[in-house]
Amino acid sequence: LVDGEKLEVNPDRFDKFVSNLSNAQVAVISVKGMVCDFCARGIEKTFRRDRAVTKVDVDLSKGKVLIAYDTQEPIDRADIDSKILANGQNVTAMQVFSI
């Protein structure tokens, strides 16, 4: 079980994620309870349906979810928490970066 509590992200994966982004904000979310690829794909699918999200990446091995939003979109922590909880996992921490 990867608890994802620390906000450590694979640097190569993060660089690849942000490589073609501009004028964006990236939420790095630590998730507890993501135990299989099915869990990861469920989270990915949930956020891809959100019109405010421009890009999403789930790193099962680190327990991290990267979500890119346009800078004009507010990032709602409660909304993120509820979407991940609906998939059966819990958010333990979140950090937002501007790109």
# chains A, B, ... in the order shown; residues from 1 in each chain; ligands from 1

call {"tool": "residues_around", "arguments": {"residues": "segment 43-51 of chain A", "least_positions_apart": "5", "cutoff": "9 Å", "atoms": "only C-alpha atoms", "output": "ChimeraX atom specification"}}
result
/A:38,56-58,65,67,80,83-84,87

call {"tool": "select_by_dssp", "arguments": {"residues": "chain A", "states": "helix (DSSP H, G or I)", "output": "VMD selection string"}}
result
chain A and resid 11 to 18 37 to 48 77 to 86

call {"tool": "write_last_selection", "arguments": {"atoms": "N, CA, C and O atoms", "output": "compact mmCIF listing (two decimals), in the first residue's frame"}}
result
# COMPACT_ATOMS: atom_id res chain seq x y z
N PRO A 11 10.49 13.60 -10.39
CA PRO A 11 10.83 14.82 -11.13
C PRO A 11 10.73 14.67 -12.65
O PRO A 11 10.29 15.60 -13.33
N ASP A 12 11.11 13.52 -13.17
CA ASP A 12 11.00 13.30 -14.63
C ASP A 12 9.55 13.28 -15.07
O ASP A 12 9.19 13.87 -16.09
N ARG A 13 8.73 12.64 -14.29
CA ARG A 13 7.30 12.56 -14.61
C ARG A 13 6.66 13.94 -14.53
O ARG A 13 5.85 14.32 -15.36
N PHE A 14 7.04 14.74 -13.52
CA PHE A 14 6.50 16.09 -13.37
C PHE A 14 6.94 16.96 -14.54
O PHE A 14 6.13 17.68 -15.13
N ASP A 15 8.22 16.89 -14.90
CA ASP A 15 8.73 17.68 -16.03
C ASP A 15 8.01 17.33 -17.33
O ASP A 15 7.68 18.21 -18.12
N LYS A 16 7.77 16.04 -17.55
CA LYS A 16 7.06 15.61 -18.75
C LYS A 16 5.62 16.14 -18.72
O LYS A 16 5.09 16.58 -19.73
N PHE A 17 4.99 16.11 -17.55
CA PHE A 17 3.61 16.56 -17.40
C PHE A 17 3.48 18.04 -17.74
O PHE A 17 2.55 18.46 -18.42
N VAL A 18 4.41 18.86 -17.28
CA VAL A 18 4.31 20.32 -17.48
C VAL A 18 5.00 20.80 -18.75
O VAL A 18 4.92 21.99 -19.07
N ASP A 37 -4.10 -0.49 -10.32
CA ASP A 37 -4.27 0.28 -11.56
C ASP A 37 -5.73 0.68 -11.76
O ASP A 37 -6.01 1.75 -12.29
N PHE A 38 -6.65 -0.15 -11.33
CA PHE A 38 -8.08 0.17 -11.45
C PHE A 38 -8.40 1.43 -10.64
O PHE A 38 -9.16 2.29 -11.11
N CYS A 39 -7.82 1.56 -9.45
CA CYS A 39 -8.01 2.77 -8.63
C CYS A 39 -7.48 4.00 -9.37
O CYS A 39 -8.13 5.04 -9.44
N ALA A 40 -6.28 3.87 -9.90
CA ALA A 40 -5.63 4.98 -10.61
C ALA A 40 -6.44 5.40 -11.83
O ALA A 40 -6.66 6.59 -12.06
N ARG A 41 -6.89 4.44 -12.62
CA ARG A 41 -7.66 4.76 -13.83
C ARG A 41 -9.01 5.38 -13.46
O ARG A 41 -9.52 6.24 -14.19
N GLY A 42 -9.60 4.97 -12.35
CA GLY A 42 -10.86 5.58 -11.90
C GLY A 42 -10.70 7.05 -11.58
O GLY A 42 -11.53 7.88 -11.97
N ILE A 43 -9.61 7.39 -10.89
CA ILE A 43 -9.34 8.79 -10.57
C ILE A 43 -9.10 9.57 -11.86
O ILE A 43 -9.63 10.66 -12.05
N GLU A 44 -8.28 9.01 -12.74
CA GLU A 44 -7.98 9.67 -14.02
C GLU A 44 -9.26 9.94 -14.81
O GLU A 44 -9.47 11.05 -15.31
N LYS A 45 -10.10 8.96 -14.91
CA LYS A 45 -11.35 9.09 -15.66
C LYS A 45 -12.26 10.15 -15.04
O LYS A 45 -12.88 10.96 -15.76
N THR A 46 -12.33 10.18 -13.73
CA THR A 46 -13.16 11.17 -13.04
C THR A 46 -12.73 12.59 -13.37
O THR A 46 -13.56 13.45 -13.68
N PHE A 47 -11.42 12.85 -13.32
CA PHE A 47 -10.94 14.21 -13.56
C PHE A 47 -10.93 14.59 -15.04
O PHE A 47 -11.05 15.76 -15.37
N ARG A 48 -10.84 13.62 -15.92
CA ARG A 48 -10.91 13.93 -17.36
C ARG A 48 -12.30 14.44 -17.74
O ARG A 48 -12.45 15.17 -18.72
N ARG A 77 -10.39 22.64 -3.43
CA ARG A 77 -9.87 21.48 -2.67
C ARG A 77 -11.01 20.55 -2.25
O ARG A 77 -10.88 19.33 -2.33
N ALA A 78 -12.13 21.10 -1.82
CA ALA A 78 -13.25 20.27 -1.39
C ALA A 78 -13.78 19.42 -2.54
O ALA A 78 -14.13 18.25 -2.35
N ASP A 79 -13.82 19.98 -3.75
CA ASP A 79 -14.27 19.24 -4.92
C ASP A 79 -13.30 18.10 -5.24
O ASP A 79 -13.72 16.97 -5.54
N ILE A 80 -12.02 18.38 -5.17
CA ILE A 80 -11.00 17.36 -5.42
C ILE A 80 -11.11 16.26 -4.38
O ILE A 80 -11.12 15.07 -4.71
N ASP A 81 -11.22 16.64 -3.11
CA ASP A 81 -11.37 15.66 -2.03
C ASP A 81 -12.57 14.75 -2.27
O ASP A 81 -12.47 13.53 -2.14
N SER A 82 -13.70 15.33 -2.64
CA SER A 82 -14.92 14.53 -2.80
C SER A 82 -14.83 13.60 -4.01
O SER A 82 -15.31 12.47 -3.96
N LYS A 83 -14.20 14.05 -5.09
CA LYS A 83 -14.05 13.20 -6.27
C LYS A 83 -13.14 12.02 -5.98
O LYS A 83 -13.41 10.90 -6.41
N ILE A 84 -12.07 12.25 -5.25
CA ILE A 84 -11.15 11.16 -4.93
C ILE A 84 -11.79 10.22 -3.91
O ILE A 84 -11.68 9.00 -4.01
N LEU A 85 -12.51 10.78 -2.95
CA LEU A 85 -13.21 9.96 -1.97
C LEU A 85 -14.27 9.09 -2.65
O LEU A 85 -14.47 7.93 -2.27
N ALA A 86 -14.95 9.62 -3.65
CA ALA A 86 -15.95 8.85 -4.39
C ALA A 86 -15.33 7.64 -5.09
O ALA A 86 -16.02 6.66 -5.36

call {"tool": "select_by_dssp", "arguments": {"residues": "chain A", "states": "strand (DSSP E)", "output": "number ranges by chain"}}
result
A: 24-32, 53-59, 64-70, 90-98

call {"tool": "residues_around", "arguments": {"residues": "Gln89 of chain A", "least_positions_apart": "5", "cutoff": "8 Å", "atoms": "only C-alpha atoms", "output": "PyMOL selection string"}}
result
chain A and resi 31-34+84

call {"tool": "atom_distance", "arguments": {"atom1": "atom CA of Gly63 of chain A", "atom2": "atom CA of Asn20 of chain A"}}
result
23.1 Å

call {"tool": "atom_distance", "arguments": {"atom1": "atom CA of Ser98 of chain A", "atom2": "atom CA of Thr71 of chain A"}}
result
7.7 Å

call {"tool": "closest_residue", "arguments": {"among": "A:Ile99, A:Ala52, A:Val91, A:Ala27", "to": "Leu66 of chain A", "atoms": "only C-alpha atoms"}}
result
A:Ala27

call {"tool": "residues_around", "arguments": {"residues": "Val96 of chain A", "least_positions_apart": "5", "cutoff": "7 Å", "atoms": "only C-alpha atoms", "output": "list in words"}}
result
Gln25, Val26, Ala27 and Val28 of chain A

call {"tool": "write_last_selection", "arguments": {"atoms": "C-alpha atoms", "output": "mmCIF file, in the first residue's frame"}}
result
data_model
loop_
_atom_site.group_PDB
_atom_site.id
_atom_site.type_symbol
_atom_site.label_atom_id
_atom_site.label_comp_id
_atom_site.auth_asym_id
_atom_site.auth_seq_id
_atom_site.Cartn_x
_atom_site.Cartn_y
_atom_site.Cartn_z
ATOM 1 C CA GLN A 25 -1.759 25.813 -12.457
ATOM 2 C CA VAL A 26 -0.880 22.288 -11.408
ATOM 3 C CA ALA A 27 -2.314 20.640 -8.321
ATOM 4 C CA VAL A 28 -0.073 17.928 -6.891
#

call {"tool": "atom_distance", "arguments": {"atom1": "atom CA of Lys62 of chain A", "atom2": "atom CA of Val35 of chain A"}}
result
10.6 Å
